[in-house]
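K.L.:
Provided herewith: target-v4.cif, mmCIF, C-alpha atoms and all ligand atoms.
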data_my_file
#
loop_
_atom_site.label_atom_id
_atom_site.label_comp_id
_atom_site.auth_asym_id
_atom_site.auth_seq_id
_atom_site.Cartn_x
_atom_site.Cartn_y
_atom_site.Cartn_z
CA MET O 90 -31.31 56.62 -29.72
CA THR O 91 -33.64 59.60 -29.86
CA ARG O 92 -34.13 62.51 -27.50
CA GLU O 93 -37.62 61.19 -26.70
CA GLU O 94 -36.24 57.76 -25.72
CA ILE O 95 -33.80 59.38 -23.32
CA GLU O 96 -36.40 61.78 -21.90
CA ARG O 97 -38.73 58.85 -21.15
CA HIS O 98 -36.23 57.58 -18.58
CA LEU O 99 -34.88 60.91 -17.33
CA ARG O 100 -35.34 61.66 -13.59
CA THR O 101 -33.08 64.73 -13.36
CA SER O 102 -34.14 68.31 -12.85
CA VAL O 103 -31.37 70.05 -14.81
CA PHE O 104 -28.95 67.63 -16.49
CA GLY O 105 -30.22 66.46 -19.86
CA ARG O 106 -33.21 68.80 -19.90
CA THR O 107 -31.72 70.17 -23.13
CA ILE O 108 -30.45 67.40 -25.39
CA PHE O 109 -28.85 67.57 -28.83
CA ALA O 110 -28.94 64.05 -30.28
CA PHE O 111 -27.05 63.26 -33.51
CA ASP O 112 -26.61 60.20 -35.69
CA ALA O 113 -23.07 61.28 -36.49
CA LEU O 114 -20.84 64.10 -35.39
CA ASP O 115 -17.10 64.78 -35.35
CA SER O 116 -16.93 64.99 -31.55
CA THR O 117 -19.63 65.69 -28.98
CA ASN O 118 -17.06 67.65 -26.95
CA SER O 119 -16.28 69.91 -29.91
CA PHE O 120 -19.97 70.50 -30.57
CA ALA O 121 -20.63 71.18 -26.88
CA LYS O 122 -17.78 73.68 -26.87
CA SER O 123 -19.40 75.62 -29.71
CA LEU O 124 -22.69 75.56 -27.79
CA VAL O 125 -20.95 76.98 -24.73
CA GLN O 126 -19.72 79.87 -26.86
CA GLN O 127 -23.34 80.53 -27.79
CA GLY O 128 -24.34 80.53 -24.11
CA ALA O 129 -25.59 76.94 -23.67
CA GLU O 130 -27.10 76.47 -20.26
CA GLU O 131 -25.85 74.17 -17.54
CA GLY O 132 -26.98 70.59 -18.00
CA THR O 133 -27.03 70.69 -21.80
CA VAL O 134 -26.18 67.27 -23.24
CA VAL O 135 -24.82 66.44 -26.69
CA ILE O 136 -24.94 62.80 -27.74
CA ALA O 137 -23.96 61.02 -30.95
CA GLU O 138 -24.46 57.46 -32.18
CA GLU O 139 -21.18 57.81 -34.03
CA GLN O 140 -18.24 60.18 -33.70
CA TYR O 141 -15.95 60.29 -36.68
CA ALA O 142 -13.29 62.24 -34.79
CA GLY O 143 -13.98 61.24 -31.17
CA ARG O 144 -11.25 62.71 -28.99
CA GLY O 145 -9.42 61.10 -26.10
CA ARG O 146 -6.83 62.61 -23.76
CA PHE O 147 -3.43 63.70 -25.06
CA GLY O 148 -4.76 64.13 -28.60
CA ARG O 149 -5.61 60.45 -28.91
CA ARG O 150 -8.69 59.16 -30.72
CA TRP O 151 -11.66 57.62 -28.94
CA HIS O 152 -12.95 54.63 -30.88
CA SER O 153 -16.49 53.43 -30.31
CA MET O 154 -18.60 51.19 -32.55
CA PRO O 155 -21.54 53.24 -33.94
CA GLY O 156 -24.86 52.59 -32.19
CA LYS O 157 -23.41 50.30 -29.54
CA ASN O 158 -22.14 52.54 -26.75
CA LEU O 159 -22.62 55.94 -25.15
CA THR O 160 -20.57 58.90 -26.35
CA PHE O 161 -21.85 62.16 -24.92
CA SER O 162 -20.86 65.49 -23.43
CA LEU O 163 -22.37 67.43 -20.57
CA VAL O 164 -22.05 71.20 -20.13
CA ILE O 165 -21.61 72.42 -16.57
CA ARG O 166 -21.01 75.92 -15.25
CA PRO O 167 -19.67 75.43 -11.72
CA GLU O 168 -18.58 78.47 -9.77
CA ILE O 169 -15.17 77.12 -8.82
CA SER O 170 -11.59 78.23 -9.21
CA PRO O 171 -9.75 77.04 -12.33
CA LYS O 172 -7.17 75.66 -9.84
CA VAL O 173 -9.47 72.76 -8.95
CA ILE O 174 -10.68 71.78 -12.41
CA GLY O 175 -8.78 68.52 -11.99
CA LEU O 176 -11.56 67.50 -9.61
CA LEU O 177 -14.13 67.53 -12.42
CA SER O 178 -12.81 64.32 -13.97
CA LEU O 179 -12.77 62.66 -10.55
CA TYR O 180 -16.34 63.76 -9.93
CA ALA O 181 -17.52 62.39 -13.26
CA GLY O 182 -15.59 59.13 -12.87
CA LEU O 183 -17.09 58.60 -9.44
CA ALA O 184 -20.64 59.15 -10.72
CA VAL O 185 -20.07 56.77 -13.65
CA ALA O 186 -18.54 54.05 -11.45
CA GLU O 187 -21.43 54.24 -8.97
CA THR O 188 -24.01 54.08 -11.73
CA LEU O 189 -22.42 51.14 -13.56
CA GLU O 190 -22.07 49.19 -10.32
CA ARG O 191 -25.85 48.66 -10.25
CA HIS O 192 -25.64 46.57 -13.39
CA VAL O 193 -22.68 44.30 -12.70
CA SER O 194 -21.66 42.00 -9.88
CA VAL O 195 -18.10 43.33 -9.68
CA MET O 196 -17.11 46.73 -8.38
CA PRO O 197 -16.05 49.27 -11.01
CA PHE O 198 -12.87 51.08 -9.96
CA CYS O 199 -11.76 54.62 -10.67
CA LYS O 200 -8.32 54.98 -12.21
CA TRP O 201 -6.67 58.39 -11.83
CA PRO O 202 -7.41 60.78 -13.28
CA ASN O 203 -10.40 59.88 -15.38
CA ASP O 204 -10.94 56.25 -16.28
CA VAL O 205 -13.40 53.72 -14.96
CA MET O 206 -12.19 50.14 -14.95
CA ILE O 207 -13.87 46.79 -14.44
CA ASP O 208 -11.74 43.69 -13.87
CA GLY O 209 -8.64 45.74 -14.74
CA LYS O 210 -10.09 46.68 -18.14
CA LYS O 211 -11.19 50.13 -19.25
CA ILE O 212 -14.94 50.58 -19.63
CA CYS O 213 -15.14 54.39 -19.60
CA GLY O 214 -12.94 57.31 -20.55
CA ILE O 215 -13.60 60.92 -19.63
CA LEU O 216 -12.29 64.04 -21.33
CA SER O 217 -13.00 67.21 -19.32
CA GLU O 218 -12.35 70.46 -21.09
CA ALA O 219 -12.48 73.85 -19.43
CA VAL O 220 -13.57 77.12 -20.98
CA ILE O 221 -11.73 79.85 -19.11
CA SER O 222 -12.19 83.56 -19.74
CA SER O 223 -10.46 86.38 -17.86
CA GLY O 224 -9.04 83.83 -15.42
CA ARG O 225 -12.52 82.58 -14.54
CA LEU O 226 -13.95 79.12 -15.25
CA GLU O 227 -16.86 79.94 -17.51
CA ALA O 228 -17.90 76.35 -18.23
CA ALA O 229 -16.61 72.84 -18.42
CA ILE O 230 -17.44 70.15 -20.91
CA ILE O 231 -17.45 66.68 -19.46
CA GLY O 232 -17.06 64.23 -22.34
CA ILE O 233 -17.89 60.65 -21.46
CA GLY O 234 -17.43 57.52 -23.50
CA VAL O 235 -18.84 54.36 -21.91
CA ASN O 236 -18.74 50.99 -23.61
CA ILE O 237 -22.18 49.45 -23.28
CA ASN O 238 -23.08 46.81 -25.89
CA GLN O 239 -19.85 46.48 -27.86
CA THR O 240 -18.23 43.10 -27.23
CA GLU O 241 -15.53 43.05 -29.89
CA PHE O 242 -12.72 45.54 -29.83
CA SER O 243 -10.31 46.38 -32.60
CA PRO O 244 -6.81 44.91 -32.16
CA THR O 245 -5.52 48.46 -32.68
CA ILE O 246 -6.79 49.21 -29.15
CA THR O 247 -3.82 47.87 -27.25
CA LYS O 248 -5.01 48.45 -23.69
CA PRO O 249 -7.47 45.93 -22.16
CA THR O 250 -11.01 47.14 -22.82
CA THR O 251 -14.43 45.94 -21.74
CA SER O 252 -18.12 46.90 -21.84
CA LEU O 253 -21.21 46.40 -19.69
CA ALA O 254 -22.41 43.64 -22.04
CA ASP O 255 -19.00 41.99 -21.89
CA VAL O 256 -19.09 41.90 -18.10
CA ALA O 257 -22.78 41.11 -17.58
CA GLY O 258 -23.30 38.77 -20.57
CA THR O 259 -26.43 40.63 -21.67
CA THR O 260 -27.22 43.76 -23.67
CA PHE O 261 -28.52 46.99 -22.17
CA ASP O 262 -30.97 49.74 -23.05
CA ARG O 263 -28.53 52.60 -23.69
CA SER O 264 -31.10 55.36 -23.18
CA LEU O 265 -31.88 53.99 -19.72
CA ILE O 266 -28.19 53.83 -18.78
CA LEU O 267 -27.69 57.38 -20.07
CA ALA O 268 -30.61 58.63 -17.97
CA GLU O 269 -29.13 56.88 -14.93
CA LEU O 270 -25.70 58.36 -15.59
CA LEU O 271 -27.15 61.86 -15.85
CA LEU O 272 -28.98 61.38 -12.57
CA GLY O 273 -25.78 60.12 -10.91
CA LEU O 274 -23.86 63.10 -12.30
CA GLU O 275 -26.52 65.53 -11.12
CA LEU O 276 -26.60 64.08 -7.59
CA GLN O 277 -22.81 64.09 -7.20
CA TYR O 278 -22.59 67.63 -8.65
CA ASP O 279 -23.52 68.90 -5.22
CA LEU O 280 -19.98 68.00 -4.10
CA ILE O 281 -18.58 70.40 -6.69
CA GLN O 282 -21.09 73.21 -6.23
CA LYS O 283 -20.86 73.16 -2.45
CA ARG O 284 -17.07 72.76 -2.68
CA LYS O 285 -17.04 69.58 -0.63
CA TYR O 286 -13.76 68.66 -2.25
CA GLN O 287 -12.44 66.49 0.57
CA THR O 288 -15.64 64.41 0.57
CA LEU O 289 -15.29 63.98 -3.18
CA VAL O 290 -11.67 62.89 -2.85
CA ASP O 291 -12.55 60.51 0.01
CA ARG O 292 -15.38 58.92 -1.98
CA TRP O 293 -13.14 58.62 -5.01
CA LEU O 294 -10.41 56.99 -2.91
CA GLU O 295 -12.92 54.41 -1.66
CA ARG O 296 -13.41 53.47 -5.29
CA THR O 297 -9.85 53.05 -6.40
CA ASN O 298 -7.41 50.21 -6.12
CA MET O 299 -4.45 52.44 -6.94
CA LEU O 300 -3.22 53.35 -3.47
CA GLY O 301 0.03 51.65 -2.52
CA GLN O 302 0.54 50.43 -6.07
CA GLU O 303 3.70 50.82 -8.05
CA VAL O 304 2.97 53.02 -11.05
CA VAL O 305 4.67 54.79 -13.89
CA ILE O 306 3.38 58.23 -14.81
CA ASP O 307 4.05 59.66 -18.24
CA GLN O 308 4.57 63.42 -18.05
CA ASP O 309 4.95 64.63 -21.63
CA GLY O 310 7.24 61.71 -22.43
CA GLU O 311 9.14 61.75 -19.12
CA LEU O 312 8.46 58.48 -17.28
CA ILE O 313 8.38 58.77 -13.50
CA LYS O 314 8.15 55.71 -11.28
CA GLY O 315 6.64 55.75 -7.83
CA ILE O 316 4.21 54.33 -5.29
CA THR O 317 0.80 56.00 -5.11
CA LYS O 318 0.55 57.56 -1.66
CA SER O 319 -2.55 59.73 -1.54
CA MET O 320 -4.53 62.42 -3.25
CA ALA O 321 -4.47 66.16 -2.64
CA ASP O 322 -7.77 67.99 -2.22
CA ASP O 323 -7.37 69.54 -5.69
CA GLY O 324 -7.38 66.02 -7.17
CA GLY O 325 -3.61 65.85 -7.70
CA LEU O 326 -2.05 62.42 -7.30
CA ILE O 327 0.76 62.17 -4.76
CA LEU O 328 3.48 59.65 -5.52
CA THR O 329 6.41 58.58 -3.41
CA THR O 330 9.27 58.66 -5.89
CA GLU O 331 13.02 58.20 -5.57
CA GLY O 332 13.33 61.95 -5.19
CA GLY O 333 10.63 62.20 -2.49
CA ASP O 334 6.90 62.85 -2.60
CA ARG O 335 5.63 64.57 -5.74
CA LYS O 336 2.21 65.81 -6.74
CA PHE O 337 0.93 65.35 -10.28
CA LEU O 338 -2.02 67.23 -11.72
CA ALA O 339 -2.12 65.43 -15.06
CA GLY O 340 -0.50 62.49 -16.76
CA ASP O 341 -1.00 59.01 -18.04
CA VAL O 342 -0.63 56.35 -15.38
CA THR O 343 0.22 52.70 -15.84
CA ILE O 344 -0.08 50.38 -12.86
CA ILE O 345 2.83 47.94 -12.71
CA GLN O 346 1.31 44.53 -11.94
C1 LIG O 401 -9.82 59.10 -22.74
O1 LIG O 401 -9.93 58.03 -22.14
O2 LIG O 401 -8.75 59.42 -23.30
C2 LIG O 401 -10.99 60.04 -22.79
C3 LIG O 401 -12.00 59.60 -23.80
C4 LIG O 401 -13.22 60.51 -23.87
C5 LIG O 401 -14.17 60.12 -24.97
C6 LIG O 401 -15.45 60.90 -24.95
S1 LIG O 401 -16.65 60.22 -26.04
C7 LIG O 401 -17.66 61.62 -25.84
C8 LIG O 401 -16.75 62.83 -25.78
N1 LIG O 401 -16.50 63.36 -27.11
C9 LIG O 401 -15.22 63.22 -27.47
O3 LIG O 401 -14.74 63.57 -28.56
N2 LIG O 401 -14.54 62.62 -26.48
C10 LIG O 401 -15.36 62.37 -25.32
#
Translate this file's structure into structure tokens.
P.N.:
Amino acid sequence: MTREEIERHLRTSVFGRTIFAFDALDSTNSFAKSLVQQGAEEGTVVIAEEQYAGRGRFGRRWHSMPGKNLTFSLVIRPEISPKVIGLLSLYAGLAVAETLERHVSVMPFCKWPNDVMIDGKKICGILSEAVISSGRLEAAIIGIGVNINQTEFSPTITKPTTSLADVAGTTFDRSLILAELLLGLELQYDLIQKRKYQTLVDRWLERTNMLGQEVVIDQDGELIKGITKSMADDGGLILTTEGGDRKFLAGDVTIIQ
């Protein structure tokens, strides 16, 4: 996928107007972080056909078959407090879910804090990384991995995984989907810039099937069981646990079926 192919489909005014496209890279998030340090402007996108050290949350690896999917990072510079950076993953997940919905007959769901699921299987993972200096959020890197045309997944990936092609039974033009995702991200960005956090949370909640579910949240190895109750306006997940209601700002959640 070349920069020109993406630009042909692009309908945004800011996001993706500067694109760094690579055949192979360690991690688009790592590259984007170095660009931020050199003053990269908002909307800069880094994309790679292959990442040889793609990063997931909690130091995990992100595996994606070269040339089949989308692995990219977007630089944003929102003027928000570092206290609400948890909302950035929700914002991105919401934009991805809404965009993918146009191509499949089932509704993609958001899974807290940053996954998009179809039919209970993961189709997209998001790794948001903040660059904070002197207590101020200077930039954030939104790293997005979406499975598009890959239909076989390594048995080493233990969690159920899917792709657009898997769900729809047809392959997709990745540059077109990327352009659509960037447009969706740009349109929803208004919710962050104008600090309409409650609207963002409400829209996200309309797109999740987690409320009222029994879940286990892994907090640095401590497993906490509870029922998902609601979401705070900073994006924290509120669980009813044995010890009462508790808010979590990060963690790995498993829904108990
Ligand atoms: C997760 O589900 O744990 C998050 C996965 C995020 C993967 C994307 S792929 C593009 C960007 N570059 C990276 O190294 N990681 C993110």
K.L.:
Ile237 of chain O: which residues within 8 Å, counting all atoms listed in the file, same-chain residues fewer than 4 positions away excluded, as number ranges by chain?
P.N.:
O: 157-159, 252-254, 260-261, 263
K.L.:
Could you list, as a PyMOL selection string, all protein and nucleic acid residues with an atom at most 6 Å from ligand LIG 401 (chain O), counting only C-alpha atoms and all ligand atoms?
P.N.:
chain O and resi 116-118+143-146+151+160-162+214-216+232-234
K.L.:
Calculated over all atoms listed in the file, which of the candidates O:Val205, O:Leu272, O:Leu294, O:Ile221 has the smallest distance to Lys172 of chain O?
P.N.:
O:Ile221
K.L.:
Write out as a VMD selection string which residues come within 8 Å of Pro171 of chain O when counting all atoms listed in the file, dropping same-chain ones fewer than 2 positions away.
P.N.:
chain O and resid 169 173 to 174 221 224 to 226
K.L.:
Mind giving me the straight-line distance from atom CA of Gly209 of chain O to atom CA of Asn298 of chain O in Å, one decimal?
P.N.:
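Answer for the atom CA of Gly209 of chain O to atom CA of Asn298 of chain O separation: 9.8 Å.
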K.L.:
So how far away is atom CA of Ile316 of chain O from atom CA of Leu300 of chain O, in Å?
P.N.:
7.7 Å
K.L.:
Could you pull the residues within 9 Å of Leu189 of chain O, counting only C-alpha atoms, minus those fewer than 6 positions along the same chain, as a list in words?
P.N.:
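The filter keeps Met196, Pro197, Leu253, Ile266, Glu269 and Leu270 of chain O.
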K.L.:
Take the residues from that selection and write them out as a PDB file, in the coordinates of the input, keeping C-alpha atoms.
P.N.:
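Once written, part.pdb looks like this:
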ATOM      1  CA  MET O 196     -17.110  46.730  -8.380  1.00  0.00           C
ATOM      2  CA  PRO O 197     -16.050  49.270 -11.010  1.00  0.00           C
ATOM      3  CA  LEU O 253     -21.210  46.400 -19.690  1.00  0.00           C
ATOM      4  CA  ILE O 266     -28.190  53.830 -18.780  1.00  0.00           C
ATOM      5  CA  GLU O 269     -29.130  56.880 -14.930  1.00  0.00           C
ATOM      6  CA  LEU O 270     -25.700  58.360 -15.590  1.00  0.00           C
TER       7      LEU O 270
END
K.L.:
Find, counting all atoms listed in the file, the residue in O:Leu276, O:Ala257, O:Val304, O:Ala110 that gets nearest to Val195 of chain O.
P.N.:
O:Ala257
K.L.:
Do you have the atom CA of Arg292 of chain O-atom CA of His192 of chain O distance handy?
P.N.:
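It comes out at 19.7 Å.
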K.L.:
List as a list of chain:residue names the protein and nucleic acid residues near Glu168 of chain O, meaning an atom at most 10 Å away when all atoms listed in the file are counted, but skip any in the same chain fewer than 4 places from it.
P.N.:
O:Arg225, O:Leu226, O:Glu227, O:Ala228, O:Ile281, O:Gln282, O:Lys283, O:Arg284
K.L.:
May I ask which of the residues O:Ser264, O:Thr240, O:Trp201, O:Gly258 is the closest one to Ser319 of chain O, counting only C-alpha atoms?
P.N.:
O:Trp201
K.L.:
Identify, on the basis of all atoms listed in the file, every residue whose closest approach to Leu163 of chain O does not exceed 6 Å; exclude the query and any residue fewer than 5 positions from it along the same chain; express the result as a PyMOL selection string.
P.N.:
chain O and resi 133-134+230-231
K.L.:
From the list O:Ser217, O:Asn203, O:Thr188, O:Ser102, which residue is nearest Val164 of chain O when using all atoms listed in the file?
P.N.:
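Closest to Val164 of chain O of all the choices is O:Ser217.
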K.L.:
Measuring atom to atom with all atoms listed in the file, identify which of O:Ala129, O:Ile136, O:Ile95, O:Leu267 is nearest to Phe109 of chain O.
P.N.:
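Smallest distance to Phe109 of chain O is found for O:Ile136.
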K.L.:
As lines of an AutoDock Vina configuration file, what would the box around segment 240-249 of chain O look like: edges along x, y and z, 3 Å added on every side, centre and edge lengths in Å to one decimal?
P.N.:
center_x = -11.0
center_y = 46.1
center_z = -27.4
size_x = 20.4
size_y = 12.2
size_z = 16.5
K.L.:
May I ask which of the residues O:Pro244, O:Pro249, O:Gly175, O:Gly182 is the closest one to Leu326 of chain O, counting all atoms listed in the file?
P.N.:
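Closest to Leu326 of chain O of all the choices is O:Gly175.
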K.L.:
Counting only C-alpha atoms, find the residues whose atoms lie at most 6 Å from (-30.8, 61.7, -12.1) (file coordinates) and write them out as a list in words.
P.N.:
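Neighbouring residues, ordered by chain and number, come to Arg100, Thr101, Glu269, Leu271, Leu272, Gly273 and Glu275 of chain O.
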K.L.:
Write to file, as a PDB file, keeping the file's coordinate frame, the residues of the selection just made, with C-alpha atoms.
P.N.:
ATOM      1  CA  ARG O 100     -35.340  61.660 -13.590  1.00  0.00           C
ATOM      2  CA  THR O 101     -33.080  64.730 -13.360  1.00  0.00           C
ATOM      3  CA  GLU O 269     -29.130  56.880 -14.930  1.00  0.00           C
ATOM      4  CA  LEU O 271     -27.150  61.860 -15.850  1.00  0.00           C
ATOM      5  CA  LEU O 272     -28.980  61.380 -12.570  1.00  0.00           C
ATOM      6  CA  GLY O 273     -25.780  60.120 -10.910  1.00  0.00           C
ATOM      7  CA  GLU O 275     -26.520  65.530 -11.120  1.00  0.00           C
TER       8      GLU O 275
END
K.L.:
Could you add whatever atoms are missing so that segment 251-283 of chain O carries N, CA and C atoms, then write the result as a PDB file, in the coordinates of the input?
P.N.:
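In the end it all went to selection-v1.pdb:
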ATOM      1  N   THR O 251     -13.234  46.744 -21.963  1.00  0.00           N
ATOM      2  CA  THR O 251     -14.430  45.940 -21.740  1.00  0.00           C
ATOM      3  C   THR O 251     -15.678  46.796 -21.912  1.00  0.00           C
ATOM      4  N   SER O 252     -16.840  46.173 -21.732  1.00  0.00           N
ATOM      5  CA  SER O 252     -18.120  46.900 -21.840  1.00  0.00           C
ATOM      6  C   SER O 252     -19.080  46.280 -20.825  1.00  0.00           C
ATOM      7  N   LEU O 253     -20.206  46.959 -20.608  1.00  0.00           N
ATOM      8  CA  LEU O 253     -21.210  46.400 -19.690  1.00  0.00           C
ATOM      9  C   LEU O 253     -21.673  45.031 -20.175  1.00  0.00           C
ATOM     10  N   ALA O 254     -21.922  44.912 -21.484  1.00  0.00           N
ATOM     11  CA  ALA O 254     -22.410  43.640 -22.040  1.00  0.00           C
ATOM     12  C   ALA O 254     -21.361  42.545 -21.876  1.00  0.00           C
ATOM     13  N   ASP O 255     -20.104  42.917 -22.043  1.00  0.00           N
ATOM     14  CA  ASP O 255     -19.000  41.990 -21.890  1.00  0.00           C
ATOM     15  C   ASP O 255     -18.982  41.420 -20.471  1.00  0.00           C
ATOM     16  N   VAL O 256     -19.180  42.304 -19.509  1.00  0.00           N
ATOM     17  CA  VAL O 256     -19.090  41.900 -18.100  1.00  0.00           C
ATOM     18  C   VAL O 256     -20.352  41.156 -17.669  1.00  0.00           C
ATOM     19  N   ALA O 257     -21.517  41.662 -18.088  1.00  0.00           N
ATOM     20  CA  ALA O 257     -22.780  41.110 -17.580  1.00  0.00           C
ATOM     21  C   ALA O 257     -23.324  39.975 -18.463  1.00  0.00           C
ATOM     22  N   GLY O 258     -22.822  39.835 -19.679  1.00  0.00           N
ATOM     23  CA  GLY O 258     -23.300  38.770 -20.570  1.00  0.00           C
ATOM     24  C   GLY O 258     -24.679  39.038 -21.137  1.00  0.00           C
ATOM     25  N   THR O 259     -25.125  40.287 -21.115  1.00  0.00           N
ATOM     26  CA  THR O 259     -26.430  40.630 -21.670  1.00  0.00           C
ATOM     27  C   THR O 259     -26.355  42.051 -22.233  1.00  0.00           C
ATOM     28  N   THR O 260     -27.276  42.385 -23.125  1.00  0.00           N
ATOM     29  CA  THR O 260     -27.220  43.760 -23.670  1.00  0.00           C
ATOM     30  C   THR O 260     -28.084  44.690 -22.817  1.00  0.00           C
ATOM     31  N   PHE O 261     -27.860  45.974 -23.006  1.00  0.00           N
ATOM     32  CA  PHE O 261     -28.520  46.990 -22.170  1.00  0.00           C
ATOM     33  C   PHE O 261     -29.235  48.023 -23.027  1.00  0.00           C
ATOM     34  N   ASP O 262     -30.267  48.636 -22.423  1.00  0.00           N
ATOM     35  CA  ASP O 262     -30.970  49.740 -23.050  1.00  0.00           C
ATOM     36  C   ASP O 262     -30.113  50.999 -22.820  1.00  0.00           C
ATOM     37  N   ARG O 263     -29.497  51.502 -23.871  1.00  0.00           N
ATOM     38  CA  ARG O 263     -28.530  52.600 -23.690  1.00  0.00           C
ATOM     39  C   ARG O 263     -29.206  53.878 -23.197  1.00  0.00           C
ATOM     40  N   SER O 264     -30.461  54.113 -23.618  1.00  0.00           N
ATOM     41  CA  SER O 264     -31.100  55.360 -23.180  1.00  0.00           C
ATOM     42  C   SER O 264     -31.370  55.320 -21.674  1.00  0.00           C
ATOM     43  N   LEU O 265     -31.665  54.130 -21.160  1.00  0.00           N
ATOM     44  CA  LEU O 265     -31.880  53.990 -19.720  1.00  0.00           C
ATOM     45  C   LEU O 265     -30.568  54.222 -18.957  1.00  0.00           C
ATOM     46  N   ILE O 266     -29.488  53.647 -19.458  1.00  0.00           N
ATOM     47  CA  ILE O 266     -28.190  53.830 -18.780  1.00  0.00           C
ATOM     48  C   ILE O 266     -27.787  55.306 -18.836  1.00  0.00           C
ATOM     49  N   LEU O 267     -28.040  55.961 -19.963  1.00  0.00           N
ATOM     50  CA  LEU O 267     -27.690  57.380 -20.070  1.00  0.00           C
ATOM     51  C   LEU O 267     -28.483  58.193 -19.041  1.00  0.00           C
ATOM     52  N   ALA O 268     -29.777  57.897 -18.936  1.00  0.00           N
ATOM     53  CA  ALA O 268     -30.610  58.630 -17.970  1.00  0.00           C
ATOM     54  C   ALA O 268     -30.088  58.395 -16.552  1.00  0.00           C
ATOM     55  N   GLU O 269     -29.673  57.181 -16.265  1.00  0.00           N
ATOM     56  CA  GLU O 269     -29.130  56.880 -14.930  1.00  0.00           C
ATOM     57  C   GLU O 269     -27.819  57.620 -14.696  1.00  0.00           C
ATOM     58  N   LEU O 270     -26.982  57.660 -15.730  1.00  0.00           N
ATOM     59  CA  LEU O 270     -25.700  58.360 -15.590  1.00  0.00           C
ATOM     60  C   LEU O 270     -25.929  59.846 -15.340  1.00  0.00           C
ATOM     61  N   LEU O 271     -26.887  60.433 -16.042  1.00  0.00           N
ATOM     62  CA  LEU O 271     -27.150  61.860 -15.850  1.00  0.00           C
ATOM     63  C   LEU O 271     -27.679  62.133 -14.449  1.00  0.00           C
ATOM     64  N   LEU O 272     -28.485  61.211 -13.937  1.00  0.00           N
ATOM     65  CA  LEU O 272     -28.980  61.380 -12.570  1.00  0.00           C
ATOM     66  C   LEU O 272     -27.811  61.276 -11.571  1.00  0.00           C
ATOM     67  N   GLY O 273     -26.952  60.276 -11.776  1.00  0.00           N
ATOM     68  CA  GLY O 273     -25.780  60.120 -10.910  1.00  0.00           C
ATOM     69  C   GLY O 273     -24.894  61.360 -10.951  1.00  0.00           C
ATOM     70  N   LEU O 274     -24.690  61.897 -12.144  1.00  0.00           N
ATOM     71  CA  LEU O 274     -23.860  63.100 -12.300  1.00  0.00           C
ATOM     72  C   LEU O 274     -24.515  64.295 -11.621  1.00  0.00           C
ATOM     73  N   GLU O 275     -25.825  64.393 -11.741  1.00  0.00           N
ATOM     74  CA  GLU O 275     -26.520  65.530 -11.120  1.00  0.00           C
ATOM     75  C   GLU O 275     -26.454  65.443  -9.589  1.00  0.00           C
ATOM     76  N   LEU O 276     -26.629  64.234  -9.057  1.00  0.00           N
ATOM     77  CA  LEU O 276     -26.600  64.080  -7.590  1.00  0.00           C
ATOM     78  C   LEU O 276     -25.206  64.381  -7.037  1.00  0.00           C
ATOM     79  N   GLN O 277     -24.180  63.867  -7.694  1.00  0.00           N
ATOM     80  CA  GLN O 277     -22.810  64.090  -7.200  1.00  0.00           C
ATOM     81  C   GLN O 277     -22.333  65.532  -7.436  1.00  0.00           C
ATOM     82  N   TYR O 278     -23.003  66.255  -8.303  1.00  0.00           N
ATOM     83  CA  TYR O 278     -22.590  67.630  -8.650  1.00  0.00           C
ATOM     84  C   TYR O 278     -22.621  68.548  -7.434  1.00  0.00           C
ATOM     85  N   ASP O 279     -23.446  68.191  -6.480  1.00  0.00           N
ATOM     86  CA  ASP O 279     -23.520  68.900  -5.220  1.00  0.00           C
ATOM     87  C   ASP O 279     -22.129  69.044  -4.567  1.00  0.00           C
ATOM     88  N   LEU O 280     -21.316  67.983  -4.696  1.00  0.00           N
ATOM     89  CA  LEU O 280     -19.980  68.000  -4.100  1.00  0.00           C
ATOM     90  C   LEU O 280     -19.113  69.084  -4.725  1.00  0.00           C
ATOM     91  N   ILE O 281     -19.343  69.357  -5.995  1.00  0.00           N
ATOM     92  CA  ILE O 281     -18.580  70.400  -6.690  1.00  0.00           C
ATOM     93  C   ILE O 281     -19.161  71.768  -6.324  1.00  0.00           C
ATOM     94  N   GLN O 282     -20.467  71.895  -6.459  1.00  0.00           N
ATOM     95  CA  GLN O 282     -21.090  73.210  -6.230  1.00  0.00           C
ATOM     96  C   GLN O 282     -20.896  73.702  -4.803  1.00  0.00           C
ATOM     97  N   LYS O 283     -21.012  72.759  -3.855  1.00  0.00           N
ATOM     98  CA  LYS O 283     -20.860  73.160  -2.450  1.00  0.00           C
ATOM     99  C   LYS O 283     -19.413  73.066  -1.984  1.00  0.00           C
TER     100      LYS O 283
END
